[in-house]
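Accompanying notes for the structure given below.
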Amino acid sequence: MPKLNNNERIRNIAIIAHVDHGKTTLVDAMFRQSGLFRVGQEVDERIMDSMDLERERGITIAAKNCSVVWKRVKINIIDTPGHADFGGEVERAISMADGALLLVDASEGPLPQTRFVLKKALAAGLKIIVVINKIDRKDARSDDVLDEIYDLMIDLDATEEQLEFPLLYAIGREGIAQKTLEEKGEDLHLLFDTIIREIPPPAYDTNEPFQMLVSDLGYSDYLGRLAIGKVFNGKTSHNISLVCIDSEGKHNPLKVSKLQTYVGLKFAEIENTEPGDIIVLSGIENVKIGDTICTKEFPKSLKRISVDEPTVSMKFSINTSPFSGREGKYVQSSKIRERLNKETLRNVAVQMEETGDRDSLIVKGRGEFQLAIVIETMRREGFELCVGRPEVIVKYRNGEKLEPVEHLFIDCDENFLGVVSEKLSSKKGRMTNLVNNGRGRIRMEFSIPSRSLIGYRDEFLTDTKGTGIMNSYFSGYEPYRGDFPVRFTGSIVSDRQGNAVPYALFNLEPRGHLLIAPGEPVYEGMVVGEHNKEGDINVNPCKEKKLSNMRAAGKDDNVILSPVRPLTLERAINFIREDEMVEVTPVSIRIRKAVLSAHKRHAMRSAKLKVDQ
Ligand SMILES: Nc1nc2c(ncn2[C@@H]2O[C@H](COP(=O)(O)OP(=O)(O)OP(=O)(O)O)[C@@H](O)[C@H]2O)c(=O)[nH]1
Ligand SMILES: [Mg+2]
């Protein structure tokens with residue numbers, strides 16, 4: 001017979017929202033007001049965004065735990081990312097929580113990722129507290145936003161009980177929460193009190209022995225691998241023998257060498273665990289997210305964390321360019337494989353597959369941005385590699401080809417209606433809704449294949465002169481909508497190795513849009529620009545001016561070239577076609593043909609033409 005009990009000393013809460021709605025900033029304020037920092041202590045902004053890439057980009061990439069204490073109750077907080085590509089992190093975070101703070105920007109209202117995270121939280125049965133945040137915004141429209149939240153809840157089949165959510169208004173940046181729009185709050189006391197009152201304390205069965213669900217992995221130089229997760233039942237202490245049950249039901253023995261929990265941002269050692277707490281356990285090497293750690297005597301696994309399937313794949317290969325090994329520390333396929341393997345352990349939404357070729361791998365994820373972040377992280381660690389074009393993952397059902405489809409929301413000036421809708425329909429998008437609010441801006445909704453959106457964001461920003469907003473969520477697999485041309489232009493390809501010179505680049509400018517600047521090293525098969533027309537051209541970007549005319553020769557350096565926008569990883573990934581790859585090193589991003597030799601490419605093309613005829 002189960003004997004249920006609640007651990008009143010603990011609350012576990014995930015903070016969820018669309019990107020940029022203020023989650024991490026609110027956690028800062030919660031830290032400050034729970035007395036975690038000394039008075040006058042200098043504290044960084046968005047302290048939970050501790051990874052370099054998170055700080056640089058101002059976004060959260062990985063969900064992270066921390067805790068505060070309020071009125072002697074420990075609140076474990078899990079800050080999650082709002083960007084759609086990191087949705088797997090939200091699923092992971094929800095597995096540790098008993099409730100969620102749903103933040104909604106008082107001006108933007110619920111957006112696609114609000115829907116995604118709320119759907120996950122409702123499905124997991126989490127108690128929701130709604131916080132309408134950033135009510136200080138001049139364009140705040142809190143009342144409308146509240147209506148939209150109700151609509152969204154109803155649309156997601158929320159139960160009567162879930163519809164009666166506690167509601168707060170907040171200015172996270174100033175650390176203020178209030179009950180109504182009128183009465184001005186002064187601090188976050190109301191938020192803390194609401195969490196303690198409304199979020200159920202973790203329930204556990206006193207008849208069950210120790211059980212913990214592994215929701216995150218860490219690594220410490222001293223302790224080795226760390227398994228992080230919530231204790232669902234029972235207690236344990238260090239030096240105890242336990243087992244870890246993996247996805248196949250296999251029991252792997254382990255001995256706990258150290259037990260820790262979160263105190264603020266740090267770990268603190270504990271002697272015994274408490275049921276319902278989120279703990280950090282060391283003493284196990286072979287553990288995966290989703291495994292259950294429990295006693296040897298009564299092994300019973302908990303429900304594994306369910307994550308949505310990946311929708312995008314990319315081929316990662318060793319760097320085979322002539323410059324390979326010049327700029328990076330790790331170039332071997334074994335190192336790349338080992339590193340990606342580590343990534344799949346930590347990152348539930350990333351999968352790796354062998355290709356049959358030792359030197360390349362297929363990496364799958366939720367979107368090209370997620371994969372770009374993996375590549376960017378690797379390059380900073382000293383890796384060199386080549387990556388191919390992101391491809392969506394198609395499926396077959398009863399012989400029918402299916403592809404991932406997104407629900408896309410566009411908000412832009414009405415003047416851009418034509419150009420945007422025309423472009424999206426050429427990419428197989430179908431408009432499902434169009435609202436003109438009469439104030440010059442329109443809102444459009446489309447159902448569109450995921451592949452159509454790869455690389456579209458840049459184009460969209462150009463088309464709307466940087467003023468458009470686009471957001472989408474994955475709506476499911478649908479019958480394949482047919483092919484459409486990806487890029488109408490060809491590439492300008494270097495036909496030799498050397499250094500690009502201004503004179504040659506100047507003469508190439510009329511042919512297209514250049515991607516390199518003078519002085520940059522090039523090699524045969526490297527893409528140095530985008531051709532204005534269809535088809536590739538092979539050129540010599542190292543061609544100096546003939547020295548026959550001595551007077552003009554010295555002027556070579558004086559040509560004025562159009563500025564070249566430095567190639568970023570994301571732009572490069574979105575730019576390349578099937579027969580091209582991006583060469584990534586800690587120093588450079590280059591685009592290249594998969595087959596470097598112009599001669600070989602020519603031969604392959606001729607052979608293909610013959611077959612086609
Ligand atoms: N006006 C206003 N701006 C805020 C408030 N809270 C946060 N911001 C701003 O909103 C931006 C995003 O804040 P973050 O805390 O990084 O948002 P987030 O939800 O953690 O973002 P992701 O983790 O990337 O999804 C920052 O520029 C903040 O300064 C607020 O209460 N009012
Ligand atoms: Mg954040």
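Here's how to read the names in the structure tokens: chain A, B, ... by the order shown, residue numbers from 1 in each chain, ligand numbers from 1 in the order shown.
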With ligand 1 as the partner and 6 Å as the cut-off, tabulate the residues of chain A that qualify, each row holding the nearest pair of atoms and their distance in Å to one decimal, using only C-alpha atoms and all ligand atoms, sorted by chain and rising number, as JSON lines.
```
{"residue": "A:His18", "atom": "CA", "partner": "ligand 1", "partner_atom_place_in_ligand_line": "25 (O)", "distance": 5.9}
{"residue": "A:Val19", "atom": "CA", "partner": "ligand 1", "partner_atom_place_in_ligand_line": "25 (O)", "distance": 3.3}
{"residue": "A:Asp20", "atom": "CA", "partner": "ligand 1", "partner_atom_place_in_ligand_line": "21 (O)", "distance": 3.4}
{"residue": "A:His21", "atom": "CA", "partner": "ligand 1", "partner_atom_place_in_ligand_line": "19 (O)", "distance": 4.1}
{"residue": "A:Gly22", "atom": "CA", "partner": "ligand 1", "partner_atom_place_in_ligand_line": "17 (O)", "distance": 3.4}
{"residue": "A:Lys23", "atom": "CA", "partner": "ligand 1", "partner_atom_place_in_ligand_line": "19 (O)", "distance": 3.8}
{"residue": "A:Thr24", "atom": "CA", "partner": "ligand 1", "partner_atom_place_in_ligand_line": "20 (O)", "distance": 3.7}
{"residue": "A:Thr25", "atom": "CA", "partner": "ligand 1", "partner_atom_place_in_ligand_line": "15 (O)", "distance": 3.6}
{"residue": "A:Gly58", "atom": "CA", "partner": "ligand 1", "partner_atom_place_in_ligand_line": "16 (O)", "distance": 5.8}
{"residue": "A:Ile59", "atom": "CA", "partner": "ligand 1", "partner_atom_place_in_ligand_line": "24 (O)", "distance": 3.3}
{"residue": "A:Thr60", "atom": "CA", "partner": "ligand 1", "partner_atom_place_in_ligand_line": "23 (O)", "distance": 3.7}
{"residue": "A:Pro81", "atom": "CA", "partner": "ligand 1", "partner_atom_place_in_ligand_line": "23 (O)", "distance": 4.1}
{"residue": "A:Gly82", "atom": "CA", "partner": "ligand 1", "partner_atom_place_in_ligand_line": "25 (O)", "distance": 3.3}
{"residue": "A:His83", "atom": "CA", "partner": "ligand 1", "partner_atom_place_in_ligand_line": "25 (O)", "distance": 5.5}
{"residue": "A:Asn133", "atom": "CA", "partner": "ligand 1", "partner_atom_place_in_ligand_line": "31 (O)", "distance": 5.8}
{"residue": "A:Lys134", "atom": "CA", "partner": "ligand 1", "partner_atom_place_in_ligand_line": "32 (N)", "distance": 3.6}
{"residue": "A:Asp136", "atom": "CA", "partner": "ligand 1", "partner_atom_place_in_ligand_line": "1 (N)", "distance": 5.6}
{"residue": "A:Arg137", "atom": "CA", "partner": "ligand 1", "partner_atom_place_in_ligand_line": "1 (N)", "distance": 4.9}
{"residue": "A:Ile171", "atom": "CA", "partner": "ligand 1", "partner_atom_place_in_ligand_line": "31 (O)", "distance": 3.5}
{"residue": "A:Gly172", "atom": "CA", "partner": "ligand 1", "partner_atom_place_in_ligand_line": "31 (O)", "distance": 3.8}
{"residue": "A:Arg173", "atom": "CA", "partner": "ligand 1", "partner_atom_place_in_ligand_line": "31 (O)", "distance": 4.1}
```
Selection to disk with C-alpha atoms, as a JSON list (two decimals), in the first residue's frame:
```json
[["chain", "number", "residue", "atom", "x", "y", "z"],
["A", 18, "HIS", "CA", 9.16, 32.17, -24.83],
["A", 19, "VAL", "CA", 12.65, 33.46, -25.59],
["A", 20, "ASP", "CA", 13.57, 36.77, -23.92],
["A", 21, "HIS", "CA", 10.47, 37.06, -21.76],
["A", 22, "GLY", "CA", 12.72, 37.59, -18.74],
["A", 23, "LYS", "CA", 13.26, 34.23, -17.03],
["A", 24, "THR", "CA", 16.94, 34.54, -16.20],
["A", 25, "THR", "CA", 16.56, 38.17, -15.12],
["A", 58, "GLY", "CA", 22.28, 37.03, -24.19],
["A", 59, "ILE", "CA", 20.23, 33.84, -24.37],
["A", 60, "THR", "CA", 19.95, 30.76, -22.22],
["A", 81, "PRO", "CA", 15.90, 28.35, -22.33],
["A", 82, "GLY", "CA", 13.10, 29.93, -24.35],
["A", 83, "HIS", "CA", 14.47, 29.31, -27.82],
["A", 133, "ASN", "CA", 6.21, 40.13, -16.81],
["A", 134, "LYS", "CA", 7.75, 43.43, -17.97],
["A", 136, "ASP", "CA", 6.93, 48.50, -17.10],
["A", 137, "ARG", "CA", 7.11, 48.35, -20.89],
["A", 171, "ILE", "CA", 8.80, 43.75, -13.39],
["A", 172, "GLY", "CA", 11.45, 41.08, -13.12],
["A", 173, "ARG", "CA", 14.27, 43.49, -13.83]]
```
Fill in: Selection: 9 Å around range 89-96 of chain A, only C-alpha atoms, excl. self and same-chain fewer than 4 positions, as a PyMOL selection string
chain A and resi 12-16+61-65+78-82+100+117+120-121+124+126+213-216+229-231+278+289-290+305-308+347-349
Discussion item. To test your reading of the structure, identify every residue in range 382-478 of chain A that backbone DSSP assigns to alpha helix (DSSP H), and report it as a PyMOL selection string.
Written reply: chain A and resi 417-426+450-453+456-463
Okay, now the selection with N, CA, C and O atoms, as a PDB file, in the first residue's frame?
```pdb
ATOM      1  N   LEU A 417       3.636  42.807 -46.771  1.00  0.00           N
ATOM      2  CA  LEU A 417       2.727  41.669 -46.933  1.00  0.00           C
ATOM      3  C   LEU A 417       3.031  40.903 -48.221  1.00  0.00           C
ATOM      4  O   LEU A 417       3.178  39.687 -48.219  1.00  0.00           O
ATOM      5  N   GLY A 418       3.148  41.675 -49.331  1.00  0.00           N
ATOM      6  CA  GLY A 418       3.345  41.052 -50.640  1.00  0.00           C
ATOM      7  C   GLY A 418       4.615  40.231 -50.700  1.00  0.00           C
ATOM      8  O   GLY A 418       4.583  39.037 -50.992  1.00  0.00           O
ATOM      9  N   VAL A 419       5.728  40.893 -50.376  1.00  0.00           N
ATOM     10  CA  VAL A 419       7.007  40.220 -50.551  1.00  0.00           C
ATOM     11  C   VAL A 419       7.118  38.999 -49.637  1.00  0.00           C
ATOM     12  O   VAL A 419       7.589  37.935 -50.056  1.00  0.00           O
ATOM     13  N   VAL A 420       6.633  39.125 -48.409  1.00  0.00           N
ATOM     14  CA  VAL A 420       6.754  38.006 -47.467  1.00  0.00           C
ATOM     15  C   VAL A 420       5.860  36.841 -47.891  1.00  0.00           C
ATOM     16  O   VAL A 420       6.304  35.693 -47.985  1.00  0.00           O
ATOM     17  N   SER A 421       4.601  37.145 -48.198  1.00  0.00           N
ATOM     18  CA  SER A 421       3.700  36.027 -48.500  1.00  0.00           C
ATOM     19  C   SER A 421       4.073  35.360 -49.823  1.00  0.00           C
ATOM     20  O   SER A 421       3.953  34.148 -49.968  1.00  0.00           O
ATOM     21  N   GLU A 422       4.573  36.160 -50.757  1.00  0.00           N
ATOM     22  CA  GLU A 422       4.980  35.577 -52.036  1.00  0.00           C
ATOM     23  C   GLU A 422       6.143  34.603 -51.831  1.00  0.00           C
ATOM     24  O   GLU A 422       6.143  33.486 -52.329  1.00  0.00           O
ATOM     25  N   LYS A 423       7.112  35.065 -51.063  1.00  0.00           N
ATOM     26  CA  LYS A 423       8.277  34.217 -50.819  1.00  0.00           C
ATOM     27  C   LYS A 423       7.889  32.930 -50.089  1.00  0.00           C
ATOM     28  O   LYS A 423       8.337  31.845 -50.436  1.00  0.00           O
ATOM     29  N   LEU A 424       7.038  33.075 -49.079  1.00  0.00           N
ATOM     30  CA  LEU A 424       6.676  31.883 -48.309  1.00  0.00           C
ATOM     31  C   LEU A 424       5.845  30.911 -49.132  1.00  0.00           C
ATOM     32  O   LEU A 424       5.962  29.705 -48.978  1.00  0.00           O
ATOM     33  N   SER A 425       5.019  31.458 -50.045  1.00  0.00           N
ATOM     34  CA  SER A 425       4.232  30.507 -50.820  1.00  0.00           C
ATOM     35  C   SER A 425       5.122  29.798 -51.841  1.00  0.00           C
ATOM     36  O   SER A 425       4.908  28.636 -52.150  1.00  0.00           O
ATOM     37  N   SER A 426       6.169  30.479 -52.313  1.00  0.00           N
ATOM     38  CA  SER A 426       7.094  29.787 -53.221  1.00  0.00           C
ATOM     39  C   SER A 426       7.858  28.701 -52.470  1.00  0.00           C
ATOM     40  O   SER A 426       8.397  27.779 -53.066  1.00  0.00           O
ATOM     41  N   SER A 450       9.348  22.674 -42.423  1.00  0.00           N
ATOM     42  CA  SER A 450      10.505  23.144 -41.646  1.00  0.00           C
ATOM     43  C   SER A 450      11.684  23.479 -42.558  1.00  0.00           C
ATOM     44  O   SER A 450      12.427  24.414 -42.301  1.00  0.00           O
ATOM     45  N   ARG A 451      11.837  22.701 -43.630  1.00  0.00           N
ATOM     46  CA  ARG A 451      13.005  22.930 -44.497  1.00  0.00           C
ATOM     47  C   ARG A 451      12.936  24.302 -45.150  1.00  0.00           C
ATOM     48  O   ARG A 451      13.950  24.889 -45.499  1.00  0.00           O
ATOM     49  N   SER A 452      11.719  24.833 -45.341  1.00  0.00           N
ATOM     50  CA  SER A 452      11.585  26.147 -45.977  1.00  0.00           C
ATOM     51  C   SER A 452      12.132  27.252 -45.088  1.00  0.00           C
ATOM     52  O   SER A 452      12.464  28.337 -45.545  1.00  0.00           O
ATOM     53  N   LEU A 453      12.176  26.989 -43.787  1.00  0.00           N
ATOM     54  CA  LEU A 453      12.593  28.037 -42.859  1.00  0.00           C
ATOM     55  C   LEU A 453      14.087  28.013 -42.578  1.00  0.00           C
ATOM     56  O   LEU A 453      14.622  28.948 -41.996  1.00  0.00           O
ATOM     57  N   TYR A 456      15.916  31.039 -43.697  1.00  0.00           N
ATOM     58  CA  TYR A 456      14.973  32.076 -44.132  1.00  0.00           C
ATOM     59  C   TYR A 456      15.017  33.333 -43.266  1.00  0.00           C
ATOM     60  O   TYR A 456      14.733  34.427 -43.730  1.00  0.00           O
ATOM     61  N   ARG A 457      15.403  33.193 -42.003  1.00  0.00           N
ATOM     62  CA  ARG A 457      15.346  34.324 -41.079  1.00  0.00           C
ATOM     63  C   ARG A 457      16.111  35.553 -41.595  1.00  0.00           C
ATOM     64  O   ARG A 457      15.618  36.676 -41.555  1.00  0.00           O
ATOM     65  N   ASP A 458      17.307  35.310 -42.120  1.00  0.00           N
ATOM     66  CA  ASP A 458      18.122  36.405 -42.654  1.00  0.00           C
ATOM     67  C   ASP A 458      17.407  37.119 -43.791  1.00  0.00           C
ATOM     68  O   ASP A 458      17.348  38.336 -43.850  1.00  0.00           O
ATOM     69  N   GLU A 459      16.853  36.310 -44.693  1.00  0.00           N
ATOM     70  CA  GLU A 459      16.131  36.838 -45.847  1.00  0.00           C
ATOM     71  C   GLU A 459      14.935  37.658 -45.382  1.00  0.00           C
ATOM     72  O   GLU A 459      14.659  38.743 -45.898  1.00  0.00           O
ATOM     73  N   PHE A 460      14.246  37.128 -44.381  1.00  0.00           N
ATOM     74  CA  PHE A 460      13.043  37.778 -43.853  1.00  0.00           C
ATOM     75  C   PHE A 460      13.397  39.145 -43.265  1.00  0.00           C
ATOM     76  O   PHE A 460      12.712  40.141 -43.501  1.00  0.00           O
ATOM     77  N   LEU A 461      14.502  39.193 -42.545  1.00  0.00           N
ATOM     78  CA  LEU A 461      14.908  40.456 -41.933  1.00  0.00           C
ATOM     79  C   LEU A 461      15.275  41.467 -43.019  1.00  0.00           C
ATOM     80  O   LEU A 461      14.943  42.647 -42.938  1.00  0.00           O
ATOM     81  N   THR A 462      15.938  41.000 -44.069  1.00  0.00           N
ATOM     82  CA  THR A 462      16.266  41.897 -45.181  1.00  0.00           C
ATOM     83  C   THR A 462      14.979  42.377 -45.848  1.00  0.00           C
ATOM     84  O   THR A 462      14.797  43.570 -46.094  1.00  0.00           O
ATOM     85  N   ASP A 463      14.071  41.443 -46.101  1.00  0.00           N
ATOM     86  CA  ASP A 463      12.827  41.785 -46.799  1.00  0.00           C
ATOM     87  C   ASP A 463      11.961  42.761 -46.002  1.00  0.00           C
ATOM     88  O   ASP A 463      11.202  43.529 -46.581  1.00  0.00           O
TER      89      ASP A 463
END
```
Worksheet item: Which polymer residues have any atom within 10 Å of an atom of Ser301 in chain A, counting only C-alpha atoms, with same-chain residues fewer than 5 positions away left out, as a PyMOL selection string?
Response: chain A and resi 211-213+244-247+249+251+290-294
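Closest to Val104 in chain A among A:Lys127, A:Leu167, A:Gly88, A:Arg32 is A:Leu167, based on only C-alpha atoms.
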Practice prompt. Return the single residue from A:Arg46, A:Lys545, A:Arg389, A:Lys235 that is closest to Glu368 in chain A, with distances computed using only C-alpha atoms.
Written response: A:Arg389
Excluding Gly328 in chain A and any residue of its chain fewer than 6 positions from it, enumerate the residues within 7 Å of it, using only C-alpha atoms, and give them as a short mmCIF file (atom, residue, chain, number, x, y, z; two decimals) with all heavy atoms, in the first residue's frame.
```
data_model
loop_
_atom_site.label_atom_id
_atom_site.label_comp_id
_atom_site.auth_asym_id
_atom_site.auth_seq_id
_atom_site.Cartn_x
_atom_site.Cartn_y
_atom_site.Cartn_z
N GLY A 382 38.70 23.93 -29.58
CA GLY A 382 39.89 23.61 -30.37
C GLY A 382 39.67 22.59 -31.48
O GLY A 382 40.62 22.08 -32.05
N PHE A 383 38.42 22.31 -31.81
CA PHE A 383 38.14 21.32 -32.85
C PHE A 383 38.17 21.94 -34.24
O PHE A 383 37.85 23.11 -34.41
CB PHE A 383 36.76 20.69 -32.63
CG PHE A 383 36.76 19.64 -31.57
CD1 PHE A 383 36.55 19.98 -30.25
CD2 PHE A 383 36.98 18.31 -31.90
CE1 PHE A 383 36.55 19.00 -29.26
CE2 PHE A 383 36.99 17.33 -30.92
CZ PHE A 383 36.78 17.67 -29.60
N GLU A 384 38.53 21.09 -35.20
CA GLU A 384 38.38 21.44 -36.61
C GLU A 384 37.47 20.40 -37.22
O GLU A 384 37.63 19.21 -36.94
CB GLU A 384 39.72 21.34 -37.33
CG GLU A 384 40.51 22.59 -37.29
CD GLU A 384 41.73 22.53 -38.22
OE1 GLU A 384 41.70 21.81 -39.23
OE2 GLU A 384 42.69 23.22 -37.89
N THR A 585 37.03 25.93 -38.04
CA THR A 585 38.22 25.78 -37.20
C THR A 585 38.11 26.83 -36.08
O THR A 585 37.26 27.72 -36.16
CB THR A 585 39.53 26.04 -37.99
OG1 THR A 585 39.74 27.45 -38.08
CG2 THR A 585 39.52 25.43 -39.37
N PRO A 586 38.93 26.73 -35.07
CA PRO A 586 38.83 27.72 -33.99
C PRO A 586 39.02 29.15 -34.49
O PRO A 586 38.57 30.10 -33.86
CB PRO A 586 39.97 27.33 -33.05
CG PRO A 586 40.15 25.88 -33.27
CD PRO A 586 39.89 25.66 -34.73
#
```
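Rounded to one decimal, CA of Leu281 in chain A and CA of Leu259 in chain A lie 5.0 Å from each other.
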Response to the item:
Of A:Asp28, A:Glu309, A:Asp193, A:Asp49, the one nearest to ligand 2 when counting only C-alpha atoms and all ligand atoms is A:Asp49
Worksheet item: Any idea what the distance is between CA of Leu103 in chain A and CA of Ile129 in chain A?
Response: 8.6 Å
